[in-house]
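Below is the file upload_13.txt, which contains compact mmCIF, C-alpha atoms.
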```
# COMPACT_ATOMS: atom_id res chain seq x y z
CA MET J 1 -109.91 -107.02 -76.48
CA ASP J 2 -110.75 -110.72 -76.61
CA LYS J 3 -109.64 -113.05 -79.31
CA LYS J 4 -112.84 -113.12 -81.33
CA LYS J 5 -113.05 -109.38 -81.66
CA TYR J 6 -109.42 -109.23 -82.64
CA GLN J 7 -109.93 -111.79 -85.40
CA ILE J 8 -112.87 -109.86 -86.78
CA LEU J 9 -110.79 -106.72 -86.76
CA VAL J 10 -107.93 -108.46 -88.58
CA LYS J 11 -110.31 -109.84 -91.17
CA LYS J 12 -111.71 -106.38 -91.80
CA HIS J 13 -108.32 -104.86 -92.50
CA CYS J 14 -106.82 -107.73 -94.51
CA PRO J 15 -106.69 -106.92 -98.22
CA LYS J 16 -109.54 -108.87 -99.76
CA GLU J 17 -108.53 -111.02 -102.70
CA ASN J 18 -110.72 -110.54 -105.69
CA ARG J 19 -111.33 -114.09 -106.87
CA LEU J 20 -113.22 -113.06 -109.99
CA LEU J 21 -110.40 -110.81 -111.12
CA ASN J 22 -107.80 -113.49 -110.30
CA GLY J 23 -109.70 -116.00 -112.42
CA LEU J 24 -110.05 -113.60 -115.31
CA VAL J 25 -106.35 -112.70 -115.25
CA ALA J 26 -105.37 -116.38 -115.08
CA PHE J 27 -107.67 -117.15 -118.01
CA LEU J 28 -106.31 -114.33 -120.17
CA VAL J 29 -102.63 -114.96 -119.38
CA GLY J 30 -103.00 -118.72 -119.76
CA GLY J 31 -104.80 -118.30 -123.05
CA PHE J 32 -102.10 -115.94 -124.24
CA MET J 33 -99.47 -118.57 -123.39
CA GLY J 34 -101.43 -121.05 -125.51
CA ILE J 35 -101.41 -118.61 -128.43
CA ILE J 36 -97.64 -118.10 -128.04
CA GLY J 37 -97.18 -121.88 -128.07
CA GLN J 38 -99.20 -122.31 -131.26
CA PHE J 39 -97.44 -119.33 -132.86
CA LEU J 40 -94.00 -120.79 -132.07
CA ILE J 41 -95.01 -124.18 -133.50
CA ASP J 42 -96.18 -122.53 -136.74
CA PHE J 43 -93.06 -120.36 -136.82
CA TYR J 44 -90.66 -123.30 -136.54
CA LYS J 45 -92.70 -125.37 -138.98
CA ASN J 46 -92.74 -122.70 -141.66
CA THR J 47 -89.29 -121.15 -141.25
CA PHE J 48 -87.17 -124.28 -140.80
CA SER J 49 -89.67 -126.70 -142.41
CA LEU J 50 -89.54 -129.07 -139.44
CA SER J 51 -92.05 -131.82 -138.65
CA GLN J 52 -94.85 -131.33 -136.11
CA ASN J 53 -93.02 -133.29 -133.38
CA TYR J 54 -89.75 -131.40 -133.74
CA SER J 55 -91.40 -128.00 -133.78
CA SER J 56 -93.52 -128.73 -130.71
CA ALA J 57 -90.41 -129.97 -128.84
CA LEU J 58 -88.58 -126.79 -129.90
CA MET J 59 -91.55 -124.71 -128.72
CA ILE J 60 -91.35 -126.32 -125.24
CA ILE J 61 -87.58 -125.73 -125.14
CA THR J 62 -88.02 -122.07 -126.15
CA LEU J 63 -90.63 -121.43 -123.44
CA ILE J 64 -88.40 -123.13 -120.83
CA PHE J 65 -85.44 -121.00 -121.95
CA ILE J 66 -87.41 -117.75 -121.67
CA SER J 67 -88.84 -118.70 -118.29
CA CYS J 68 -85.41 -119.71 -116.88
CA LEU J 69 -83.85 -116.49 -118.16
CA LEU J 70 -86.57 -114.26 -116.70
CA THR J 71 -86.44 -116.13 -113.39
CA SER J 72 -82.68 -115.74 -113.07
CA LEU J 73 -82.95 -112.03 -113.90
CA GLY J 74 -85.57 -111.68 -111.14
CA PHE J 75 -88.59 -110.66 -113.25
CA PHE J 76 -90.57 -113.86 -113.18
CA ASP J 77 -91.57 -113.79 -109.51
CA LYS J 78 -93.24 -110.42 -110.01
CA LEU J 79 -95.03 -111.69 -113.11
CA VAL J 80 -96.28 -114.77 -111.22
CA GLU J 81 -97.52 -112.52 -108.42
CA HIS J 82 -99.83 -110.79 -110.89
CA ALA J 83 -100.72 -113.60 -113.28
CA LYS J 84 -100.79 -116.44 -110.70
CA CYS J 85 -101.98 -119.71 -112.26
CA GLY J 86 -101.76 -118.22 -115.75
CA LEU J 87 -98.01 -118.77 -115.53
CA ILE J 88 -97.83 -121.63 -112.99
CA ILE J 89 -99.93 -124.18 -114.89
CA PRO J 90 -98.10 -123.83 -118.26
CA ILE J 91 -94.67 -125.44 -118.65
CA THR J 92 -93.14 -122.09 -117.63
CA GLY J 93 -94.14 -122.82 -114.00
CA PHE J 94 -92.22 -126.13 -114.11
CA ALA J 95 -89.08 -124.39 -115.39
CA HIS J 96 -89.55 -121.53 -112.92
CA SER J 97 -89.69 -123.89 -109.93
CA MET J 98 -86.48 -125.68 -111.00
CA MET J 99 -84.64 -122.45 -111.77
CA SER J 100 -85.58 -120.70 -108.53
CA ALA J 101 -84.72 -123.77 -106.43
CA SER J 102 -81.29 -124.13 -108.00
CA ILE J 103 -80.45 -120.40 -107.80
CA ASP J 104 -81.63 -120.14 -104.17
CA TYR J 105 -79.43 -123.01 -102.99
CA LYS J 106 -76.40 -121.96 -105.04
CA LYS J 107 -74.55 -120.66 -101.95
CA GLU J 108 -74.53 -124.17 -100.42
CA GLY J 109 -72.23 -125.48 -103.12
CA LEU J 110 -72.37 -127.19 -106.49
CA VAL J 111 -73.29 -130.69 -105.31
CA THR J 112 -75.10 -130.20 -102.00
CA GLY J 113 -76.67 -126.96 -103.17
CA ILE J 114 -77.59 -126.93 -106.86
CA GLY J 115 -77.34 -130.66 -107.51
CA SER J 116 -79.49 -131.97 -104.71
CA ASN J 117 -82.02 -129.14 -104.52
CA MET J 118 -82.85 -128.55 -108.18
CA PHE J 119 -85.84 -130.93 -108.12
CA LYS J 120 -87.03 -129.81 -104.70
CA LEU J 121 -90.26 -128.28 -106.07
CA ALA J 122 -90.49 -129.82 -109.54
CA GLY J 123 -89.81 -133.35 -108.26
CA SER J 124 -93.42 -133.94 -107.25
CA VAL J 125 -94.58 -133.28 -110.82
CA ILE J 126 -92.19 -135.90 -112.21
CA VAL J 127 -92.85 -138.44 -109.44
CA TYR J 128 -96.63 -138.31 -109.69
CA GLY J 129 -96.53 -138.12 -113.48
CA VAL J 130 -94.40 -141.28 -113.70
CA VAL J 131 -96.33 -143.18 -111.00
CA SER J 132 -99.74 -142.41 -112.46
CA SER J 133 -98.59 -143.09 -116.04
CA TYR J 134 -97.11 -146.41 -114.95
CA PHE J 135 -100.25 -147.65 -113.23
CA PHE J 136 -102.63 -146.34 -115.90
CA GLY J 137 -100.42 -148.05 -118.49
CA LEU J 138 -100.35 -151.28 -116.49
CA ILE J 139 -104.15 -151.33 -116.17
CA ARG J 140 -104.52 -150.60 -119.87
CA TYR J 141 -102.06 -153.37 -120.73
CA LEU J 142 -103.87 -155.92 -118.54
CA ILE J 143 -107.34 -155.00 -119.83
CA SER J 144 -106.37 -155.02 -123.48
CA GLY J 145 -104.34 -158.24 -123.05
CA GLY J 146 -101.23 -156.71 -124.63
CA MET J 147 -102.94 -155.69 -127.85
CA ALA J 148 -103.07 -151.96 -126.92
CA MET F 149 -109.11 -120.69 -135.94
CA ILE F 150 -106.64 -122.92 -134.12
CA TYR F 151 -105.33 -119.83 -132.34
CA LEU F 152 -108.77 -119.21 -130.83
CA ASN F 153 -109.02 -122.86 -129.75
CA ALA F 154 -105.54 -122.67 -128.23
CA PHE F 155 -106.53 -119.53 -126.31
CA ILE F 156 -109.75 -121.10 -125.00
CA PHE F 157 -108.23 -124.43 -123.94
CA ALA F 158 -105.08 -123.09 -122.26
CA GLY F 159 -107.10 -120.32 -120.62
CA LEU F 160 -109.68 -122.74 -119.25
CA ILE F 161 -107.01 -125.01 -117.74
CA CYS F 162 -105.39 -122.02 -116.02
CA LEU F 163 -108.80 -120.76 -114.85
CA ILE F 164 -109.59 -124.14 -113.25
CA GLY F 165 -106.19 -124.08 -111.53
CA GLN F 166 -106.79 -120.55 -110.25
CA ILE F 167 -110.25 -121.47 -108.90
CA ILE F 168 -108.76 -124.45 -107.02
CA LEU F 169 -105.93 -122.26 -105.69
CA ASP F 170 -108.27 -119.51 -104.44
CA ASN F 171 -110.91 -121.70 -102.83
CA THR F 172 -108.88 -124.46 -101.18
CA LYS F 173 -105.73 -124.70 -99.10
CA LEU F 174 -103.79 -126.51 -101.83
CA THR F 175 -100.45 -125.03 -102.89
CA PRO F 176 -99.33 -124.55 -106.50
CA GLY F 177 -97.24 -127.74 -106.08
CA HIS F 178 -100.39 -129.73 -105.30
CA ILE F 179 -102.22 -128.27 -108.28
CA THR F 180 -99.47 -128.97 -110.82
CA SER F 181 -99.13 -132.54 -109.53
CA LEU F 182 -102.90 -132.99 -109.78
CA PHE F 183 -102.94 -131.66 -113.34
CA VAL F 184 -100.12 -134.02 -114.40
CA VAL F 185 -102.13 -136.99 -113.07
CA ILE F 186 -105.24 -135.76 -114.92
CA GLY F 187 -103.24 -135.37 -118.14
CA SER F 188 -101.78 -138.84 -117.80
CA PHE F 189 -105.27 -140.26 -117.27
CA LEU F 190 -106.65 -138.44 -120.32
CA ASP F 191 -104.13 -140.21 -122.53
CA ASN F 192 -106.33 -143.30 -122.12
CA PHE F 193 -108.75 -143.79 -125.04
CA SER F 194 -106.56 -141.11 -126.77
CA ILE F 195 -108.75 -138.31 -125.44
CA TYR F 196 -105.83 -135.93 -125.15
CA ASP F 197 -104.67 -136.65 -128.71
CA LYS F 198 -108.00 -135.35 -129.93
CA VAL F 199 -107.62 -132.25 -127.75
CA VAL F 200 -104.15 -131.65 -129.20
CA LYS F 201 -105.59 -131.94 -132.70
CA TRP F 202 -108.28 -129.39 -131.78
CA ALA F 203 -106.28 -126.86 -129.75
CA GLY F 204 -102.72 -127.36 -131.08
CA GLY F 205 -100.16 -125.50 -129.00
CA GLY F 206 -102.82 -124.53 -126.48
CA ALA F 207 -102.98 -128.17 -125.38
CA LEU F 208 -99.20 -128.67 -125.42
CA VAL F 209 -98.31 -125.68 -123.22
CA PRO F 210 -100.18 -126.55 -119.96
CA ILE F 211 -98.60 -129.06 -117.58
CA THR F 212 -101.33 -131.61 -118.42
CA SER F 213 -99.47 -132.31 -121.67
CA PHE F 214 -96.47 -133.44 -119.59
CA GLY F 215 -98.53 -136.25 -118.08
CA HIS F 216 -100.02 -137.06 -121.47
CA LEU F 217 -96.57 -137.36 -123.06
CA LEU F 218 -95.29 -139.56 -120.21
CA SER F 219 -98.22 -141.93 -120.68
CA HIS F 220 -97.98 -141.76 -124.45
CA GLY F 221 -94.26 -142.58 -124.51
CA ALA F 222 -94.70 -145.41 -122.00
CA PHE F 223 -97.37 -147.03 -124.16
CA ALA F 224 -95.90 -146.35 -127.60
CA ASN F 225 -93.96 -149.63 -128.10
CA ILE F 226 -96.25 -151.87 -126.07
CA LYS F 227 -96.79 -154.23 -129.01
CA ASP F 228 -93.08 -154.99 -129.48
CA ASP F 229 -91.68 -154.73 -125.95
CA GLY F 230 -94.69 -155.83 -123.92
CA ILE F 231 -94.67 -154.74 -120.30
CA PHE F 232 -91.05 -153.51 -120.54
CA SER F 233 -92.24 -150.70 -122.76
CA LEU F 234 -93.57 -149.03 -119.61
CA PHE F 235 -90.03 -148.93 -118.21
CA MET F 236 -88.13 -148.15 -121.40
CA GLY F 237 -90.30 -145.57 -123.09
CA MET F 238 -91.56 -143.45 -120.21
CA PHE F 239 -89.30 -140.45 -120.85
CA ASP F 240 -89.04 -140.79 -124.64
CA LEU F 241 -91.22 -137.80 -125.45
CA THR F 242 -90.71 -135.62 -122.37
CA SER F 243 -86.92 -135.87 -122.19
CA SER F 244 -86.48 -132.73 -124.33
CA GLY F 245 -88.34 -130.62 -121.78
CA ILE F 246 -86.68 -132.14 -118.72
CA VAL F 247 -83.17 -131.94 -120.20
CA ALA F 248 -83.72 -128.34 -121.33
CA ALA F 249 -84.97 -127.34 -117.88
CA ILE F 250 -81.97 -129.00 -116.17
CA ILE F 251 -79.37 -127.52 -118.54
CA PHE F 252 -80.75 -123.97 -118.52
CA SER F 253 -81.29 -124.00 -114.74
CA PHE F 254 -77.75 -125.23 -114.12
CA VAL F 255 -76.04 -122.80 -116.52
CA PHE F 256 -78.08 -119.77 -115.44
CA SER F 257 -77.62 -120.50 -111.75
CA LEU F 258 -73.85 -120.55 -112.34
CA ILE F 259 -74.00 -117.21 -114.17
CA PHE F 260 -76.53 -115.24 -112.12
CA LYS F 261 -76.85 -114.52 -108.41
CA ALA F 262 -80.04 -114.93 -106.37
CA LYS F 263 -82.10 -111.74 -106.11
CA ASP F 264 -83.42 -110.94 -102.65
```

Could you express the structure from this file as structure tokens?
Amino acid sequence: MDKKKYQILVKKHCPKENRLLNGLVAFLVGGFMGIIGQFLIDFYKNTFSLSQNYSSALMIITLIFISCLLTSLGFFDKLVEHAKCGLIIPITGFAHSMMSASIDYKKEGLVTGIGSNMFKLAGSVIVYGVVSSYFFGLIRYLISGGMA
Amino acid sequence: MIYLNAFIFAGLICLIGQIILDNTKLTPGHITSLFVVIGSFLDNFSIYDKVVKWAGGGALVPITSFGHLLSHGAFANIKDDGIFSLFMGMFDLTSSGIVAAIIFSFVFSLIFKAKD
């Protein structure tokens, strides 16, 4: 069997990913995460009578806590497998990448394992966030002449 | 009503991410980095502030809000501090999320073992 035929055969038997279904699941899960976020903000605002800023910071912390806990218990990878971008794009994906990196490298020690590998996956988010914010801010500052 | 807006906005962001993931060779790391840059750009002309007003928590949950908060914090004290505000205020608003992620990851990785 030559190579071309083999590739066609492989393609035929590979499980076909249903892009429409993937998109729909990502939309529904992501939207549900948005609803949870808004619900938590309202909950903190009404129960503890906090300001908008405090309750949204608490909402982010709560979501990060839940995502770290589920990751360390081993559930989150299975959830991501089904929900895909619905859980990667929200802040839960950021926490998940840090948690899984630090727990995977735990056996290499506290400093060389956890300490230096924690930002292995999440580092790019922080780096590109800071770099782009810095240059956008610089351009804005120069255009507006310091008046913002 | 704000719950519906939150659902639509957060869902749309995730749908766009999923479409990029399915149709290109980019990894989730590329997509989250891209979305942070987009969020940080949308802070200009306070576009993202309007979105937050419209969609509430739905706009704060996706990773785009991380970029928006970085930009927003960096530019908050620009009138008093001038250009140094970009250095001093960058992490003002996002530090709660980063610190929480570091603390929880560290503590949980001490407690739990990796699942294979």

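Computed from the coordinates, the CA of Ser72 (chain J) to CA of Ile211 (chain F) distance equals 21.2 Å.
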
Around the point (-106.2, -123.8, -126.1), in the coordinates given by the file, pick out the residues reaching within 7 Å, counting all atoms listed in the file, and return them as a CSV table (one decimal) with C-alpha atoms, in the frame of the given file.
```csv
chain,number,residue,atom,x,y,z
J,31,GLY,CA,-104.8,-118.3,-123.0
J,34,GLY,CA,-101.4,-121.0,-125.5
F,153,ASN,CA,-109.0,-122.9,-129.8
F,154,ALA,CA,-105.5,-122.7,-128.2
F,155,PHE,CA,-106.5,-119.5,-126.3
F,156,ILE,CA,-109.8,-121.1,-125.0
F,157,PHE,CA,-108.2,-124.4,-123.9
F,158,ALA,CA,-105.1,-123.1,-122.3
F,159,GLY,CA,-107.1,-120.3,-120.6
F,203,ALA,CA,-106.3,-126.9,-129.8
F,205,GLY,CA,-100.2,-125.5,-129.0
F,206,GLY,CA,-102.8,-124.5,-126.5
F,207,ALA,CA,-103.0,-128.2,-125.4
```

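With distances restricted to only C-alpha atoms, F:Pro210 is the closest residue to chain J from F:Gly221, F:Ile164, F:Lys201, F:Pro210.
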
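Here the question is which of J:His96, J:His13, J:His82, J:Lys106 gets nearest to Ser67 (chain J) using only C-alpha atoms, and that residue is J:His96.
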
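The interatomic distance for the pair CA of Ser49 (chain J) and CA of Trp202 (chain F) works out to 21.6 Å.
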
### Message
List as a PyMOL selection string the protein and nucleic acid residues near Phe235 (chain F), meaning an atom at most 9 Å away when only C-alpha atoms are counted, but skip any in the same chain fewer than 4 places from it.
### Response
(chain J and resi 134) or (chain F and resi 222+231+239)

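The residues that lie within 10 Å of the point (-97.3, -152.2, -118.9), counting all atoms listed in the file, are Ser133, Tyr134, Phe135, Phe136, Gly137, Leu138, Ile139, Arg140, Tyr141, Leu142, Gly146 and Ala148 of chain J; Ala222, Phe223, Ile226, Asp229, Gly230, Ile231, Phe232, Ser233, Leu234 and Phe235 of chain F.
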